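Enquirer: My file is work_30.cif. It has mmCIF, N, CA and C atoms:
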```cif
data_work
#
loop_
_atom_site.group_PDB
_atom_site.id
_atom_site.type_symbol
_atom_site.label_atom_id
_atom_site.label_comp_id
_atom_site.auth_asym_id
_atom_site.auth_seq_id
_atom_site.Cartn_x
_atom_site.Cartn_y
_atom_site.Cartn_z
ATOM 1 N N MET A 1 -29.855 -35.251 49.442
ATOM 2 C CA MET A 1 -30.912 -35.286 48.461
ATOM 3 C C MET A 1 -31.589 -36.652 48.443
ATOM 4 N N ALA A 2 -30.787 -37.717 48.638
ATOM 5 C CA ALA A 2 -31.359 -39.060 48.653
ATOM 6 C C ALA A 2 -32.316 -39.225 49.824
ATOM 7 N N LYS A 3 -31.976 -38.609 50.975
ATOM 8 C CA LYS A 3 -32.853 -38.698 52.148
ATOM 9 C C LYS A 3 -34.174 -37.995 51.876
ATOM 10 N N ARG A 4 -34.110 -36.832 51.188
ATOM 11 C CA ARG A 4 -35.334 -36.106 50.868
ATOM 12 C C ARG A 4 -36.214 -36.928 49.936
ATOM 13 N N ASN A 5 -35.605 -37.585 48.936
ATOM 14 C CA ASN A 5 -36.371 -38.432 48.029
ATOM 15 C C ASN A 5 -36.987 -39.605 48.771
ATOM 16 N N SER A 6 -36.230 -40.173 49.724
ATOM 17 C CA SER A 6 -36.734 -41.290 50.512
ATOM 18 C C SER A 6 -37.913 -40.853 51.378
ATOM 19 N N ASP A 7 -37.783 -39.666 52.014
ATOM 20 C CA ASP A 7 -38.885 -39.151 52.830
ATOM 21 C C ASP A 7 -40.106 -38.862 51.979
ATOM 22 N N SER A 8 -39.895 -38.272 50.818
ATOM 23 C CA SER A 8 -41.009 -37.976 49.921
ATOM 24 C C SER A 8 -41.684 -39.255 49.462
ATOM 25 N N SER A 9 -40.876 -40.239 49.150
ATOM 26 C CA SER A 9 -41.419 -41.519 48.704
ATOM 27 C C SER A 9 -42.220 -42.191 49.819
ATOM 28 N N ALA A 10 -41.696 -42.138 51.044
ATOM 29 C CA ALA A 10 -42.402 -42.745 52.177
ATOM 30 C C ALA A 10 -43.724 -42.025 52.438
ATOM 31 N N ARG A 11 -43.688 -40.696 52.368
ATOM 32 C CA ARG A 11 -44.932 -39.936 52.582
ATOM 33 C C ARG A 11 -45.933 -40.205 51.472
ATOM 34 N N ALA A 12 -45.460 -40.299 50.231
ATOM 35 C CA ALA A 12 -46.352 -40.573 49.106
ATOM 36 C C ALA A 12 -46.978 -41.961 49.255
ATOM 37 N N ASP A 13 -46.162 -42.938 49.664
ATOM 38 C CA ASP A 13 -46.693 -44.291 49.863
ATOM 39 C C ASP A 13 -47.727 -44.317 50.982
ATOM 40 N N GLN A 14 -47.442 -43.593 52.063
ATOM 41 C CA GLN A 14 -48.391 -43.537 53.185
ATOM 42 C C GLN A 14 -49.690 -42.879 52.750
ATOM 43 N N LEU A 15 -49.586 -41.801 51.975
ATOM 44 C CA LEU A 15 -50.779 -41.110 51.478
ATOM 45 C C LEU A 15 -51.586 -42.021 50.569
ATOM 46 N N LYS A 16 -50.901 -42.761 49.689
ATOM 47 C CA LYS A 16 -51.603 -43.693 48.806
ATOM 48 C C LYS A 16 -52.342 -44.750 49.616
ATOM 49 N N ASN A 17 -51.664 -45.295 50.630
ATOM 50 C CA ASN A 17 -52.299 -46.321 51.462
ATOM 51 C C ASN A 17 -53.510 -45.759 52.210
ATOM 52 N N ASP A 18 -53.366 -44.539 52.763
ATOM 53 C CA ASP A 18 -54.480 -43.916 53.475
ATOM 54 C C ASP A 18 -55.662 -43.675 52.547
ATOM 55 N N LEU A 19 -55.376 -43.178 51.338
ATOM 56 C CA LEU A 19 -56.458 -42.909 50.385
ATOM 57 C C LEU A 19 -57.109 -44.205 49.902
ATOM 58 N N ARG A 20 -56.305 -45.230 49.715
ATOM 59 C CA ARG A 20 -56.858 -46.519 49.290
ATOM 60 C C ARG A 20 -57.786 -47.069 50.382
ATOM 61 N N TYR A 21 -57.346 -46.948 51.644
ATOM 62 C CA TYR A 21 -58.154 -47.419 52.764
ATOM 63 C C TYR A 21 -59.455 -46.622 52.856
ATOM 64 N N LEU A 22 -59.369 -45.305 52.713
ATOM 65 C CA LEU A 22 -60.556 -44.462 52.746
ATOM 66 C C LEU A 22 -61.505 -44.807 51.607
ATOM 67 N N SER A 23 -60.961 -45.005 50.437
ATOM 68 C CA SER A 23 -61.765 -45.359 49.278
ATOM 69 C C SER A 23 -62.486 -46.685 49.498
ATOM 70 N N GLU A 24 -61.769 -47.670 50.008
ATOM 71 C CA GLU A 24 -62.386 -48.973 50.276
ATOM 72 C C GLU A 24 -63.483 -48.847 51.325
ATOM 73 N N THR A 25 -63.255 -48.028 52.346
ATOM 74 C CA THR A 25 -64.252 -47.833 53.397
ATOM 75 C C THR A 25 -65.504 -47.183 52.849
ATOM 76 N N VAL A 26 -65.337 -46.163 52.013
ATOM 77 C CA VAL A 26 -66.496 -45.489 51.421
ATOM 78 C C VAL A 26 -67.245 -46.455 50.501
ATOM 79 N N GLU A 27 -66.524 -47.248 49.726
ATOM 80 C CA GLU A 27 -67.178 -48.222 48.852
ATOM 81 C C GLU A 27 -67.964 -49.250 49.666
ATOM 82 N N GLU A 28 -67.388 -49.700 50.783
ATOM 83 C CA GLU A 28 -68.103 -50.641 51.654
ATOM 84 C C GLU A 28 -69.363 -50.003 52.224
ATOM 85 N N LEU A 29 -69.250 -48.752 52.632
ATOM 86 C CA LEU A 29 -70.396 -48.030 53.169
ATOM 87 C C LEU A 29 -71.486 -47.886 52.122
ATOM 88 N N VAL A 30 -71.105 -47.540 50.920
ATOM 89 C CA VAL A 30 -72.079 -47.397 49.836
ATOM 90 C C VAL A 30 -72.748 -48.736 49.561
ATOM 91 N N SER A 31 -71.982 -49.793 49.539
ATOM 92 C CA SER A 31 -72.551 -51.123 49.293
ATOM 93 C C SER A 31 -73.482 -51.551 50.432
ATOM 94 N N ALA A 32 -73.060 -51.273 51.651
ATOM 95 C CA ALA A 32 -73.856 -51.694 52.809
ATOM 96 C C ALA A 32 -75.177 -50.941 52.892
ATOM 97 N N THR A 33 -75.202 -49.716 52.438
ATOM 98 C CA THR A 33 -76.423 -48.914 52.543
ATOM 99 C C THR A 33 -77.245 -48.932 51.262
ATOM 100 N N SER A 34 -76.867 -49.745 50.305
ATOM 101 C CA SER A 34 -77.579 -49.750 49.027
ATOM 102 C C SER A 34 -79.020 -50.247 49.161
ATOM 103 N N LYS A 35 -79.305 -51.031 50.186
ATOM 104 C CA LYS A 35 -80.655 -51.567 50.360
ATOM 105 C C LYS A 35 -81.564 -50.603 51.116
ATOM 106 N N ASP A 36 -80.974 -49.605 51.767
ATOM 107 C CA ASP A 36 -81.763 -48.617 52.493
ATOM 108 C C ASP A 36 -82.387 -47.669 51.480
ATOM 109 N N ALA A 37 -83.700 -47.633 51.434
ATOM 110 C CA ALA A 37 -84.409 -46.875 50.399
ATOM 111 C C ALA A 37 -84.779 -45.463 50.833
ATOM 112 N N SER A 38 -84.434 -45.053 52.042
ATOM 113 C CA SER A 38 -84.836 -43.720 52.479
ATOM 114 C C SER A 38 -84.145 -42.660 51.634
ATOM 115 N N GLY A 39 -84.855 -41.566 51.416
ATOM 116 C CA GLY A 39 -84.348 -40.504 50.562
ATOM 117 C C GLY A 39 -83.067 -39.893 51.080
ATOM 118 N N GLU A 40 -82.982 -39.704 52.388
ATOM 119 C CA GLU A 40 -81.782 -39.093 52.966
ATOM 120 C C GLU A 40 -80.569 -39.990 52.768
ATOM 121 N N MET A 41 -80.731 -41.278 52.999
ATOM 122 C CA MET A 41 -79.626 -42.219 52.840
ATOM 123 C C MET A 41 -79.222 -42.312 51.372
ATOM 124 N N ARG A 42 -80.181 -42.296 50.478
ATOM 125 C CA ARG A 42 -79.887 -42.356 49.048
ATOM 126 C C ARG A 42 -79.078 -41.123 48.635
ATOM 127 N N GLY A 43 -79.474 -39.946 49.130
ATOM 128 C CA GLY A 43 -78.749 -38.717 48.815
ATOM 129 C C GLY A 43 -77.324 -38.753 49.343
ATOM 130 N N LEU A 44 -77.154 -39.236 50.570
ATOM 131 C CA LEU A 44 -75.809 -39.353 51.133
ATOM 132 C C LEU A 44 -74.949 -40.317 50.329
ATOM 133 N N ARG A 45 -75.559 -41.431 49.923
ATOM 134 C CA ARG A 45 -74.829 -42.433 49.155
ATOM 135 C C ARG A 45 -74.397 -41.856 47.802
ATOM 136 N N GLU A 46 -75.295 -41.138 47.143
ATOM 137 C CA GLU A 46 -74.959 -40.545 45.848
ATOM 138 C C GLU A 46 -73.864 -39.488 45.989
ATOM 139 N N ARG A 47 -73.946 -38.687 47.054
ATOM 140 C CA ARG A 47 -72.910 -37.682 47.294
ATOM 141 C C ARG A 47 -71.561 -38.336 47.563
ATOM 142 N N ALA A 48 -71.565 -39.405 48.355
ATOM 143 C CA ALA A 48 -70.317 -40.113 48.663
ATOM 144 C C ALA A 48 -69.712 -40.705 47.392
ATOM 145 N N GLU A 49 -70.548 -41.300 46.545
ATOM 146 C CA GLU A 49 -70.047 -41.863 45.298
ATOM 147 C C GLU A 49 -69.471 -40.780 44.396
ATOM 148 N N ARG A 50 -70.187 -39.653 44.290
ATOM 149 C CA ARG A 50 -69.736 -38.554 43.442
ATOM 150 C C ARG A 50 -68.401 -37.993 43.950
ATOM 151 N N ARG A 51 -68.292 -37.788 45.254
ATOM 152 C CA ARG A 51 -67.044 -37.251 45.818
ATOM 153 C C ARG A 51 -65.891 -38.233 45.663
ATOM 154 N N LEU A 52 -66.188 -39.510 45.793
ATOM 155 C CA LEU A 52 -65.155 -40.520 45.615
ATOM 156 C C LEU A 52 -64.631 -40.485 44.177
ATOM 157 N N LYS A 53 -65.533 -40.392 43.210
ATOM 158 C CA LYS A 53 -65.114 -40.322 41.806
ATOM 159 C C LYS A 53 -64.320 -39.047 41.533
ATOM 160 N N GLU A 54 -64.771 -37.916 42.089
ATOM 161 C CA GLU A 54 -64.055 -36.655 41.895
ATOM 162 C C GLU A 54 -62.652 -36.727 42.498
ATOM 163 N N THR A 55 -62.564 -37.307 43.685
ATOM 164 C CA THR A 55 -61.259 -37.417 44.357
ATOM 165 C C THR A 55 -60.325 -38.318 43.560
ATOM 166 N N ARG A 56 -60.843 -39.411 43.065
ATOM 167 C CA ARG A 56 -60.012 -40.302 42.259
ATOM 168 C C ARG A 56 -59.496 -39.594 41.015
ATOM 169 N N SER A 57 -60.360 -38.861 40.332
ATOM 170 C CA SER A 57 -59.921 -38.180 39.112
ATOM 171 C C SER A 57 -58.892 -37.092 39.436
ATOM 172 N N ARG A 58 -59.080 -36.356 40.539
ATOM 173 C CA ARG A 58 -58.100 -35.333 40.927
ATOM 174 C C ARG A 58 -56.760 -35.974 41.263
ATOM 175 N N LEU A 59 -56.788 -37.097 41.972
ATOM 176 C CA LEU A 59 -55.539 -37.771 42.328
ATOM 177 C C LEU A 59 -54.831 -38.321 41.093
ATOM 178 N N GLU A 60 -55.595 -38.845 40.152
ATOM 179 C CA GLU A 60 -54.990 -39.329 38.921
ATOM 180 C C GLU A 60 -54.354 -38.177 38.156
ATOM 181 N N SER A 61 -55.044 -37.054 38.110
ATOM 182 C CA SER A 61 -54.514 -35.872 37.437
ATOM 183 C C SER A 61 -53.247 -35.382 38.134
ATOM 184 N N ALA A 62 -53.275 -35.344 39.461
ATOM 185 C CA ALA A 62 -52.099 -34.909 40.218
ATOM 186 C C ALA A 62 -50.931 -35.869 39.996
ATOM 187 N N GLY A 63 -51.219 -37.159 39.930
ATOM 188 C CA GLY A 63 -50.174 -38.155 39.678
ATOM 189 C C GLY A 63 -49.549 -37.981 38.302
ATOM 190 N N GLU A 64 -50.388 -37.711 37.304
ATOM 191 C CA GLU A 64 -49.867 -37.479 35.961
ATOM 192 C C GLU A 64 -49.022 -36.213 35.922
ATOM 193 N N HIS A 65 -49.466 -35.178 36.625
ATOM 194 C CA HIS A 65 -48.720 -33.919 36.678
ATOM 195 C C HIS A 65 -47.372 -34.139 37.366
ATOM 196 N N LEU A 66 -47.371 -34.873 38.458
ATOM 197 C CA LEU A 66 -46.133 -35.175 39.169
ATOM 198 C C LEU A 66 -45.180 -35.977 38.288
ATOM 199 N N TYR A 67 -45.728 -36.926 37.550
ATOM 200 C CA TYR A 67 -44.915 -37.740 36.641
ATOM 201 C C TYR A 67 -44.258 -36.857 35.580
ATOM 202 N N GLU A 68 -45.038 -35.962 34.989
ATOM 203 C CA GLU A 68 -44.504 -35.082 33.957
ATOM 204 C C GLU A 68 -43.437 -34.149 34.521
ATOM 205 N N ASP A 69 -43.670 -33.598 35.716
ATOM 206 C CA ASP A 69 -42.678 -32.719 36.344
ATOM 207 C C ASP A 69 -41.389 -33.466 36.633
ATOM 208 N N THR A 70 -41.508 -34.683 37.146
ATOM 209 C CA THR A 70 -40.333 -35.498 37.449
ATOM 210 C C THR A 70 -39.570 -35.841 36.181
ATOM 211 N N ARG A 71 -40.310 -36.199 35.158
ATOM 212 C CA ARG A 71 -39.676 -36.540 33.885
ATOM 213 C C ARG A 71 -38.936 -35.334 33.309
ATOM 214 N N GLU A 72 -39.557 -34.171 33.368
ATOM 215 C CA GLU A 72 -38.915 -32.957 32.867
ATOM 216 C C GLU A 72 -37.661 -32.624 33.676
ATOM 217 N N SER A 73 -37.735 -32.769 34.987
ATOM 218 C CA SER A 73 -36.588 -32.500 35.851
ATOM 219 C C SER A 73 -35.433 -33.442 35.534
ATOM 220 N N LEU A 74 -35.733 -34.715 35.378
ATOM 221 C CA LEU A 74 -34.682 -35.684 35.063
ATOM 222 C C LEU A 74 -34.074 -35.415 33.698
ATOM 223 N N THR A 75 -34.906 -35.035 32.747
ATOM 224 C CA THR A 75 -34.405 -34.710 31.416
ATOM 225 C C THR A 75 -33.453 -33.519 31.482
ATOM 226 N N ASN A 76 -33.821 -32.507 32.256
ATOM 227 C CA ASN A 76 -32.947 -31.343 32.419
ATOM 228 C C ASN A 76 -31.628 -31.730 33.073
ATOM 229 N N GLN A 77 -31.663 -32.600 34.072
ATOM 230 C CA GLN A 77 -30.446 -33.030 34.748
ATOM 231 C C GLN A 77 -29.543 -33.823 33.810
ATOM 232 N N VAL A 78 -30.143 -34.679 32.998
ATOM 233 C CA VAL A 78 -29.363 -35.454 32.030
ATOM 234 C C VAL A 78 -28.726 -34.521 31.010
ATOM 235 N N ASP A 79 -29.485 -33.532 30.568
ATOM 236 C CA ASP A 79 -28.932 -32.563 29.615
ATOM 237 C C ASP A 79 -27.758 -31.794 30.216
ATOM 238 N N CYS A 80 -27.880 -31.391 31.477
ATOM 239 C CA CYS A 80 -26.780 -30.685 32.151
ATOM 240 C C CYS A 80 -25.543 -31.568 32.249
ATOM 241 N N CYS A 81 -25.749 -32.818 32.600
ATOM 242 C CA CYS A 81 -24.634 -33.764 32.715
ATOM 243 C C CYS A 81 -23.974 -33.965 31.348
ATOM 244 N N ASP A 82 -24.783 -34.127 30.315
ATOM 245 C CA ASP A 82 -24.264 -34.314 28.967
ATOM 246 C C ASP A 82 -23.468 -33.088 28.530
ATOM 247 N N ARG A 83 -23.992 -31.917 28.818
ATOM 248 C CA ARG A 83 -23.301 -30.669 28.459
ATOM 249 C C ARG A 83 -21.961 -30.572 29.188
ATOM 250 N N TYR A 84 -21.947 -30.920 30.473
ATOM 251 C CA TYR A 84 -20.702 -30.871 31.250
ATOM 252 C C TYR A 84 -19.659 -31.813 30.651
ATOM 253 N N VAL A 85 -20.083 -33.013 30.310
ATOM 254 C CA VAL A 85 -19.141 -33.992 29.746
ATOM 255 C C VAL A 85 -18.603 -33.501 28.411
ATOM 256 N N ARG A 86 -19.452 -32.886 27.608
ATOM 257 C CA ARG A 86 -18.996 -32.378 26.308
ATOM 258 C C ARG A 86 -18.059 -31.177 26.468
ATOM 259 N N GLU A 87 -18.298 -30.359 27.468
ATOM 260 C CA GLU A 87 -17.456 -29.182 27.684
ATOM 261 C C GLU A 87 -16.153 -29.526 28.406
ATOM 262 N N ASN A 88 -16.150 -30.606 29.189
ATOM 263 C CA ASN A 88 -14.974 -30.999 29.969
ATOM 264 C C ASN A 88 -14.665 -32.481 29.763
ATOM 265 N N PRO A 89 -14.257 -32.863 28.564
ATOM 266 C CA PRO A 89 -14.078 -34.301 28.308
ATOM 267 C C PRO A 89 -12.948 -34.922 29.131
ATOM 268 N N TRP A 90 -11.845 -34.205 29.312
ATOM 269 C CA TRP A 90 -10.726 -34.789 30.045
ATOM 270 C C TRP A 90 -11.054 -34.950 31.522
ATOM 271 N N THR A 91 -11.723 -33.980 32.085
ATOM 272 C CA THR A 91 -12.131 -34.085 33.487
ATOM 273 C C THR A 91 -13.097 -35.254 33.655
ATOM 274 N N SER A 92 -14.010 -35.375 32.710
ATOM 275 C CA SER A 92 -14.993 -36.469 32.776
ATOM 276 C C SER A 92 -14.312 -37.824 32.661
ATOM 277 N N MET A 93 -13.317 -37.908 31.776
ATOM 278 C CA MET A 93 -12.586 -39.176 31.647
ATOM 279 C C MET A 93 -11.822 -39.491 32.921
ATOM 280 N N GLY A 94 -11.252 -38.462 33.545
ATOM 281 C CA GLY A 94 -10.527 -38.656 34.807
ATOM 282 C C GLY A 94 -11.451 -39.144 35.910
ATOM 283 N N ILE A 95 -12.636 -38.554 35.993
ATOM 284 C CA ILE A 95 -13.618 -38.978 36.999
ATOM 285 C C ILE A 95 -14.039 -40.415 36.743
ATOM 286 N N GLY A 96 -14.285 -40.749 35.474
ATOM 287 C CA GLY A 96 -14.665 -42.123 35.127
ATOM 288 C C GLY A 96 -13.576 -43.119 35.449
ATOM 289 N N ALA A 97 -12.320 -42.741 35.149
ATOM 290 C CA ALA A 97 -11.190 -43.634 35.442
ATOM 291 C C ALA A 97 -11.029 -43.831 36.946
ATOM 292 N N ALA A 98 -11.163 -42.746 37.699
ATOM 293 C CA ALA A 98 -11.040 -42.851 39.157
ATOM 294 C C ALA A 98 -12.147 -43.733 39.734
ATOM 295 N N ALA A 99 -13.367 -43.554 39.240
ATOM 296 C CA ALA A 99 -14.477 -44.381 39.714
ATOM 297 C C ALA A 99 -14.245 -45.846 39.363
ATOM 298 N N GLY A 100 -13.733 -46.107 38.155
ATOM 299 C CA GLY A 100 -13.422 -47.477 37.756
ATOM 300 C C GLY A 100 -12.332 -48.090 38.608
ATOM 301 N N LEU A 101 -11.323 -47.291 38.933
ATOM 302 C CA LEU A 101 -10.226 -47.775 39.778
ATOM 303 C C LEU A 101 -10.730 -48.137 41.174
ATOM 304 N N VAL A 102 -11.542 -47.258 41.752
ATOM 305 C CA VAL A 102 -12.090 -47.536 43.089
ATOM 306 C C VAL A 102 -12.974 -48.778 43.048
ATOM 307 N N ALA A 103 -13.829 -48.890 42.031
ATOM 308 C CA ALA A 103 -14.699 -50.063 41.923
ATOM 309 C C ALA A 103 -13.860 -51.336 41.755
ATOM 310 N N GLY A 104 -12.806 -51.251 40.942
ATOM 311 C CA GLY A 104 -11.922 -52.408 40.748
ATOM 312 C C GLY A 104 -11.230 -52.830 42.014
ATOM 313 N N LEU A 105 -10.776 -51.845 42.800
ATOM 314 C CA LEU A 105 -10.108 -52.160 44.051
ATOM 315 C C LEU A 105 -11.090 -52.814 45.045
ATOM 316 N N LEU A 106 -12.277 -52.259 45.104
ATOM 317 C CA LEU A 106 -13.270 -52.826 46.029
ATOM 318 C C LEU A 106 -13.681 -54.230 45.617
ATOM 319 N N LEU A 107 -13.869 -54.456 44.353
ATOM 320 C CA LEU A 107 -14.241 -55.794 43.881
ATOM 321 C C LEU A 107 -13.071 -56.773 43.995
ATOM 322 N N GLY A 108 -11.861 -56.265 43.842
ATOM 323 C CA GLY A 108 -10.677 -57.119 43.948
ATOM 324 C C GLY A 108 -10.407 -57.606 45.358
ATOM 325 N N ARG A 109 -10.938 -56.933 46.343
ATOM 326 C CA ARG A 109 -10.737 -57.317 47.741
ATOM 327 C C ARG A 109 -11.539 -58.560 48.115
ATOM 328 N N ARG A 110 -12.518 -58.875 47.369
ATOM 329 C CA ARG A 110 -13.368 -60.031 47.696
ATOM 330 C C ARG A 110 -12.577 -61.246 47.646
#
```
For this file, produce the structure as structure tokens.
Expert:
Amino acid sequence: MAKRNSDSSARADQLKNDLRYLSETVEELVSATSKDASGEMRGLRERAERRLKETRSRLESAGEHLYEDTRESLTNQVDCCDRYVRENPWTSMGIGAAAGLVAGLLLGRR
């Protein structure tokens, strides 16, 4: 599961970088062509600006949706863990003690 999260994170970072680069390129293009007064160029520039704004708003919306889904998933996982500990207190204490013992042994070796 950790590998899947790492792959997802790497892909998300790559996508963000690609979109940021594309956005910067479109902004540079719009700025560079701002002095060209021809009607066709003006129309292209306005369309590019409009699409850039639409894409940004969609990405922000998707990011907020992803954040909410992740938050809900984590909340559900925490609730499941809490329920397990409440239903199995002795098992949970045993797991905690074993983890503490292993951590103590590893730290004691230093």
Enquirer: Using all atoms listed in the file, find the one residue out of A:Cys80, A:Val26, A:Ser31, A:Leu66 that sits nearest to Leu52 in chain A.
Expert: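 Looking only at the distances to Leu52 in chain A, the closest residue turns out to be A:Val26.
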Enquirer: Quick one: pull the distance between CA of Leu19 in chain A and atom N of Ser57 in chain A, Å, one decimal.
Expert: 11.5 Å
Enquirer: Can you give me, as a PyMOL selection string, the residues this file yields under the PyMOL selection byres (((chain A and resi 46 and name CA) around 12) and name CA)?
Expert: chain A and resi 26-27+29-31+33-34+39-45+47-53
Enquirer: At what distance in Å, to one decimal, does CA of Asp79 in chain A lie from CA of Arg11 in chain A?
Expert: 28.9 Å
Enquirer: What is the CA of Asn76 in chain A to atom N of Gly94 in chain A distance in Å?
Expert: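 For CA of Asn76 in chain A relative to atom N of Gly94 in chain A, the distance reads 22.9 Å.
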Enquirer: Mind completing range 20-39 of chain A with N, CA, C and O atoms? Output as an mmCIF file, keeping the file's coordinate frame, please?
Expert:
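Final output, saved to result-v4.cif:
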```cif
data_model
loop_
_atom_site.group_PDB
_atom_site.id
_atom_site.type_symbol
_atom_site.label_atom_id
_atom_site.label_comp_id
_atom_site.auth_asym_id
_atom_site.auth_seq_id
_atom_site.Cartn_x
_atom_site.Cartn_y
_atom_site.Cartn_z
ATOM 1 N N ARG A 20 -56.305 -45.230 49.715
ATOM 2 C CA ARG A 20 -56.858 -46.519 49.290
ATOM 3 C C ARG A 20 -57.786 -47.069 50.382
ATOM 4 O O ARG A 20 -58.883 -47.547 50.105
ATOM 5 N N TYR A 21 -57.346 -46.948 51.644
ATOM 6 C CA TYR A 21 -58.154 -47.419 52.764
ATOM 7 C C TYR A 21 -59.455 -46.622 52.856
ATOM 8 O O TYR A 21 -60.530 -47.190 53.034
ATOM 9 N N LEU A 22 -59.369 -45.305 52.713
ATOM 10 C CA LEU A 22 -60.556 -44.462 52.746
ATOM 11 C C LEU A 22 -61.505 -44.807 51.607
ATOM 12 O O LEU A 22 -62.718 -44.914 51.802
ATOM 13 N N SER A 23 -60.961 -45.005 50.437
ATOM 14 C CA SER A 23 -61.765 -45.359 49.278
ATOM 15 C C SER A 23 -62.486 -46.685 49.498
ATOM 16 O O SER A 23 -63.687 -46.817 49.214
ATOM 17 N N GLU A 24 -61.769 -47.670 50.008
ATOM 18 C CA GLU A 24 -62.386 -48.973 50.276
ATOM 19 C C GLU A 24 -63.483 -48.847 51.325
ATOM 20 O O GLU A 24 -64.542 -49.475 51.207
ATOM 21 N N THR A 25 -63.255 -48.028 52.346
ATOM 22 C CA THR A 25 -64.252 -47.833 53.397
ATOM 23 C C THR A 25 -65.504 -47.183 52.849
ATOM 24 O O THR A 25 -66.630 -47.605 53.155
ATOM 25 N N VAL A 26 -65.337 -46.163 52.013
ATOM 26 C CA VAL A 26 -66.496 -45.489 51.421
ATOM 27 C C VAL A 26 -67.245 -46.455 50.501
ATOM 28 O O VAL A 26 -68.485 -46.502 50.509
ATOM 29 N N GLU A 27 -66.524 -47.248 49.726
ATOM 30 C CA GLU A 27 -67.178 -48.222 48.852
ATOM 31 C C GLU A 27 -67.964 -49.250 49.666
ATOM 32 O O GLU A 27 -69.076 -49.635 49.291
ATOM 33 N N GLU A 28 -67.388 -49.700 50.783
ATOM 34 C CA GLU A 28 -68.103 -50.641 51.654
ATOM 35 C C GLU A 28 -69.363 -50.003 52.224
ATOM 36 O O GLU A 28 -70.423 -50.634 52.297
ATOM 37 N N LEU A 29 -69.250 -48.752 52.632
ATOM 38 C CA LEU A 29 -70.396 -48.030 53.169
ATOM 39 C C LEU A 29 -71.486 -47.886 52.122
ATOM 40 O O LEU A 29 -72.669 -48.109 52.409
ATOM 41 N N VAL A 30 -71.105 -47.540 50.920
ATOM 42 C CA VAL A 30 -72.079 -47.397 49.836
ATOM 43 C C VAL A 30 -72.748 -48.736 49.561
ATOM 44 O O VAL A 30 -73.973 -48.813 49.389
ATOM 45 N N SER A 31 -71.982 -49.793 49.539
ATOM 46 C CA SER A 31 -72.551 -51.123 49.293
ATOM 47 C C SER A 31 -73.482 -51.551 50.432
ATOM 48 O O SER A 31 -74.547 -52.116 50.191
ATOM 49 N N ALA A 32 -73.060 -51.273 51.651
ATOM 50 C CA ALA A 32 -73.856 -51.694 52.809
ATOM 51 C C ALA A 32 -75.177 -50.941 52.892
ATOM 52 O O ALA A 32 -76.172 -51.485 53.368
ATOM 53 N N THR A 33 -75.202 -49.716 52.438
ATOM 54 C CA THR A 33 -76.423 -48.914 52.543
ATOM 55 C C THR A 33 -77.245 -48.932 51.262
ATOM 56 O O THR A 33 -78.239 -48.219 51.158
ATOM 57 N N SER A 34 -76.867 -49.745 50.305
ATOM 58 C CA SER A 34 -77.579 -49.750 49.027
ATOM 59 C C SER A 34 -79.020 -50.247 49.161
ATOM 60 O O SER A 34 -79.874 -49.901 48.362
ATOM 61 N N LYS A 35 -79.305 -51.031 50.186
ATOM 62 C CA LYS A 35 -80.655 -51.567 50.360
ATOM 63 C C LYS A 35 -81.564 -50.603 51.116
ATOM 64 O O LYS A 35 -82.774 -50.769 51.120
ATOM 65 N N ASP A 36 -80.974 -49.605 51.767
ATOM 66 C CA ASP A 36 -81.763 -48.617 52.493
ATOM 67 C C ASP A 36 -82.387 -47.669 51.480
ATOM 68 O O ASP A 36 -81.696 -46.978 50.754
ATOM 69 N N ALA A 37 -83.700 -47.633 51.434
ATOM 70 C CA ALA A 37 -84.409 -46.875 50.399
ATOM 71 C C ALA A 37 -84.779 -45.463 50.833
ATOM 72 O O ALA A 37 -85.388 -44.735 50.061
ATOM 73 N N SER A 38 -84.434 -45.053 52.042
ATOM 74 C CA SER A 38 -84.836 -43.720 52.479
ATOM 75 C C SER A 38 -84.145 -42.660 51.634
ATOM 76 O O SER A 38 -83.026 -42.820 51.179
ATOM 77 N N GLY A 39 -84.855 -41.566 51.416
ATOM 78 C CA GLY A 39 -84.348 -40.504 50.562
ATOM 79 C C GLY A 39 -83.067 -39.893 51.080
ATOM 80 O O GLY A 39 -82.161 -39.580 50.316
#
```
